[in-house]
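Worksheet: the structure to be examined is printed underneath.
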Amino acid sequence: MGTIERRILVVEDERAIADAVAARLRAEGFLVQVAGDGPSAVAAARQTPPDAIVLDVMLPGFDGLEVCRRIQAERPVPVLMLTARDDETDLLVGLAVGADDYMVKPFSMRELAARVHALLRRAEKAQVAARPQPPTLRFGDLEINQGERRVLRGGAEVHLTPTEFDLLVHLAGRPRTVLPRERLLAEVWGWADTSGTRTVDSHIKGLRRKLGADLIRTVHGVGYALEVDR
């Protein structure tokens, strides 16, 4: 299975970075389109829907968060956000508007390409998993409908990003079992290295903010567990 027909939209206003990212992704076999500002990025995604987006936060016109919000409102698509600041608030906001992952500049092109491949693998896996109807998981007032990819707590629907949903399902598959960050990276994100453990932490914070801090237990220096009755 090749990646030749996979289309990636790169949204970056710094031309040197945009060219370098586009060149690396083309070398990986992707079709790449580049946009340099917010409005042209939304227009490009609407005209030729991409399979994934590499999206800078700071853009002219309107920023990457607004780009992500508008594109995700029309059609869910995996998004890797690029940020110049390692600011946790910005990262959580990015994940809240539908980004799946983020990288802080400067970054390695090898790692960026690996993360794009991982995003696409996870998106494909989610589509395959949705065909046979997987069981709905229930823990007290928490309900996880895997077939419809919907989550309810206390009867109210909770809107999760695709990555948050996958992470929650993974934790729910082994309730009260502590799963190391490195294992979560490998099994949810599909990464072979451990360079993105902060990505796991940020998504866990997003889940706690949406579902309640009582649901996920931290074991410092190890990982996380879904704290529910089996």
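Labeling convention for the structure tokens: chains A, B, ... as they appear, residues from 1 per chain, ligands from 1 in order of appearance.
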Item checked: Within 8 Å of stretch 67-79 of chain A using only C-alpha atoms, minus same-chain residues under 6 positions, as a PyMOL selection string -> chain A and resi 38-39+41-42+45-46+50-55+97-101+119-120+123
Next item on the list: Can you pull out every residue within 7 Å of A:Val222, counting only C-alpha atoms, but drop anything in the same chain fewer than 2 positions away, and send it as a PyMOL selection string?
Entry: chain A and resi 180-181+219-220
Output N, CA and C atoms of each residue in that selection to a file, as a PDB file, in the first residue's frame.
ATOM      1  N   PRO A 180       1.538   2.821  30.669  1.00  0.00           N
ATOM      2  CA  PRO A 180       2.646   3.776  30.551  1.00  0.00           C
ATOM      3  C   PRO A 180       2.462   4.703  29.352  1.00  0.00           C
ATOM      4  N   ARG A 181       3.008   5.913  29.483  1.00  0.00           N
ATOM      5  CA  ARG A 181       2.938   6.882  28.375  1.00  0.00           C
ATOM      6  C   ARG A 181       3.526   6.297  27.097  1.00  0.00           C
ATOM      7  N   VAL A 219      -0.338   8.068  37.628  1.00  0.00           N
ATOM      8  CA  VAL A 219       0.697   7.426  38.430  1.00  0.00           C
ATOM      9  C   VAL A 219       1.999   8.078  37.999  1.00  0.00           C
ATOM     10  N   HIS A 220       2.516   8.979  38.825  1.00  0.00           N
ATOM     11  CA  HIS A 220       3.653   9.804  38.445  1.00  0.00           C
ATOM     12  C   HIS A 220       4.860   8.966  38.065  1.00  0.00           C
TER      13      HIS A 220
END
Margin query: I need the residues of chain A that end up classed as strand (DSSP E or B) by DSSP on the backbone, written out as number ranges by chain.
Written below: A: 7-11, 31-35, 52-56, 79-83, 101-104, 136-139, 142-145, 150-153, 156-158, 179-180, 216-219, 223-226
Next item on the list: Tell me which of A:Gly140, A:Gly147, A:Gly206, A:Gly154 sits closest to A:Glu227, counting only C-alpha atoms.
Entry: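 Closest to A:Glu227 of all the choices is A:Gly140.
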Notebook entry, point to check: Using only C-alpha atoms, which of A:Leu167, A:Ala22, A:Leu211, A:Val151 sits nearest A:Leu112?
Noted result: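 For A:Leu112, the nearest of the given residues is A:Ala22.
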Would you tabulate, counting only C-alpha atoms, all residues of stretch 67-182 of chain A that have an atom at most 12 Å from an atom of stretch 25-30 of chain A, showing the closest pair of atoms and their distance in Å to one decimal, sorted by chain then ascending number, as a tab-separated table?
residue	atom	partner	partner_atom	distance
A:Met109	CA	A:Leu25	CA	8.8
A:Arg110	CA	A:Leu25	CA	9.6
A:Glu111	CA	A:Leu25	CA	11.3
A:Leu112	CA	A:Leu25	CA	8.8
A:Ala113	CA	A:Leu25	CA	6.4
A:Ala114	CA	A:Glu28	CA	9.7
A:Arg115	CA	A:Leu25	CA	11.1
A:Val116	CA	A:Leu25	CA	8.7
A:His117	CA	A:Glu28	CA	9.2
A:Leu120	CA	A:Phe30	CA	11.4
Store the residues picked out above, limited to N, CA and C atoms, as a compact mmCIF listing (two decimals), in the first residue's frame.
# COMPACT_ATOMS: atom_id res chain seq x y z
N MET A 109 12.48 17.13 10.41
CA MET A 109 11.62 16.74 9.30
C MET A 109 11.32 15.24 9.34
N ARG A 110 12.28 14.47 9.83
CA ARG A 110 12.05 13.02 9.95
C ARG A 110 10.88 12.74 10.90
N GLU A 111 10.89 13.45 12.05
CA GLU A 111 9.82 13.23 13.02
C GLU A 111 8.49 13.74 12.49
N LEU A 112 8.51 14.89 11.79
CA LEU A 112 7.26 15.40 11.23
C LEU A 112 6.66 14.39 10.25
N ALA A 113 7.48 13.84 9.37
CA ALA A 113 6.98 12.85 8.41
C ALA A 113 6.43 11.62 9.13
N ALA A 114 7.12 11.18 10.19
CA ALA A 114 6.67 10.02 10.95
C ALA A 114 5.31 10.28 11.60
N ARG A 115 5.13 11.50 12.09
CA ARG A 115 3.85 11.83 12.74
C ARG A 115 2.71 11.92 11.74
N VAL A 116 2.99 12.43 10.54
CA VAL A 116 1.96 12.48 9.51
C VAL A 116 1.55 11.06 9.12
N HIS A 117 2.52 10.18 8.94
CA HIS A 117 2.21 8.78 8.64
C HIS A 117 1.35 8.17 9.76
N LEU A 120 -2.30 9.34 9.64
CA LEU A 120 -3.05 8.69 8.56
C LEU A 120 -3.35 7.23 8.90
Notebook entry, point to check: In terms of the shortest atom-to-atom distance over only C-alpha atoms, which of A:Asp56, A:Glu187, A:Asp19, A:Glu66 is closest to A:Leu171?
Noted result: A:Glu187
Next item on the list: Go through stretch 55-174 of chain A and collect every residue that DSSP, computed from the backbone, puts in alpha helix (DSSP H); the answer should be as a VMD selection string.
Entry: chain A and resid 64 to 74 88 to 96 109 to 130 162 to 172
Item checked: Point-to-point distance in Å for atom CA of A:Ala156 and atom CA of A:Ser202 ->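 Atom CA of A:Ala156 lies 23.4 Å from atom CA of A:Ser202.
The list of residues with at least one atom within 12 Å of A:Leu137, based on only C-alpha atoms and without residues fewer than 3 positions apart in the same chain, reads A:Pro134, A:Gly140, A:Asp141, A:Leu142, A:Glu143, A:Ile144, A:Asn145, A:Gln146, A:Gly147, A:Glu148, A:Arg149, A:Arg150, A:Val151, A:Leu152, A:Arg153, A:Leu168, A:Val169, A:His170, A:Leu171, A:Ala172, A:Gly173, A:Arg174, A:Pro175, A:Val228, A:Asp229, A:Arg230.
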Store the residues of this selection in a file with C-alpha atoms, as an mmCIF file, in the first residue's frame.
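Result file is out.cif:
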data_model
loop_
_atom_site.group_PDB
_atom_site.id
_atom_site.type_symbol
_atom_site.label_atom_id
_atom_site.label_comp_id
_atom_site.auth_asym_id
_atom_site.auth_seq_id
_atom_site.Cartn_x
_atom_site.Cartn_y
_atom_site.Cartn_z
ATOM 1 C CA PRO A 134 -17.923 -2.725 18.327
ATOM 2 C CA GLY A 140 -21.289 3.993 35.850
ATOM 3 C CA ASP A 141 -22.528 7.214 34.208
ATOM 4 C CA LEU A 142 -19.874 7.029 31.459
ATOM 5 C CA GLU A 143 -20.987 5.563 28.116
ATOM 6 C CA ILE A 144 -18.646 5.073 25.151
ATOM 7 C CA ASN A 145 -20.402 4.171 21.893
ATOM 8 C CA GLN A 146 -17.548 2.872 19.757
ATOM 9 C CA GLY A 147 -19.602 2.365 16.591
ATOM 10 C CA GLU A 148 -20.913 5.943 16.533
ATOM 11 C CA ARG A 149 -17.770 7.345 18.218
ATOM 12 C CA ARG A 150 -19.904 9.156 20.786
ATOM 13 C CA VAL A 151 -19.326 9.640 24.520
ATOM 14 C CA LEU A 152 -21.929 10.473 27.163
ATOM 15 C CA ARG A 153 -21.432 11.226 30.821
ATOM 16 C CA LEU A 168 -10.293 7.096 26.046
ATOM 17 C CA VAL A 169 -11.264 3.829 24.330
ATOM 18 C CA HIS A 170 -7.744 2.517 24.848
ATOM 19 C CA LEU A 171 -7.849 3.306 28.568
ATOM 20 C CA ALA A 172 -11.386 1.895 28.824
ATOM 21 C CA GLY A 173 -10.225 -1.399 27.326
ATOM 22 C CA ARG A 174 -8.144 -1.965 30.473
ATOM 23 C CA PRO A 175 -10.000 -0.182 33.287
ATOM 24 C CA VAL A 228 -13.818 3.217 37.075
ATOM 25 C CA ASP A 229 -15.432 0.014 38.299
ATOM 26 C CA ARG A 230 -14.631 -2.961 36.129
#
Next item on the list: Could you please determine the separation between atom CA of A:Val32 and atom CA of A:Arg6 in Å, to one decimal place?
Entry: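 Taking atom CA of A:Val32 and atom CA of A:Arg6, their separation equals 8.6 Å.
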Notebook entry, point to check: Which residue, A:Met103, A:Met58, A:Leu226, A:Leu215, has the smallest gap to A:Glu14 when you use only C-alpha atoms?
Noted result: A:Met58
Checklist line | Near-A:Tyr224 list (9 Å; only C-alpha atoms; drop same-chain fewer than 6 positions) as a PyMOL selection string | finding: chain A and resi 171+176-181+204+216-218
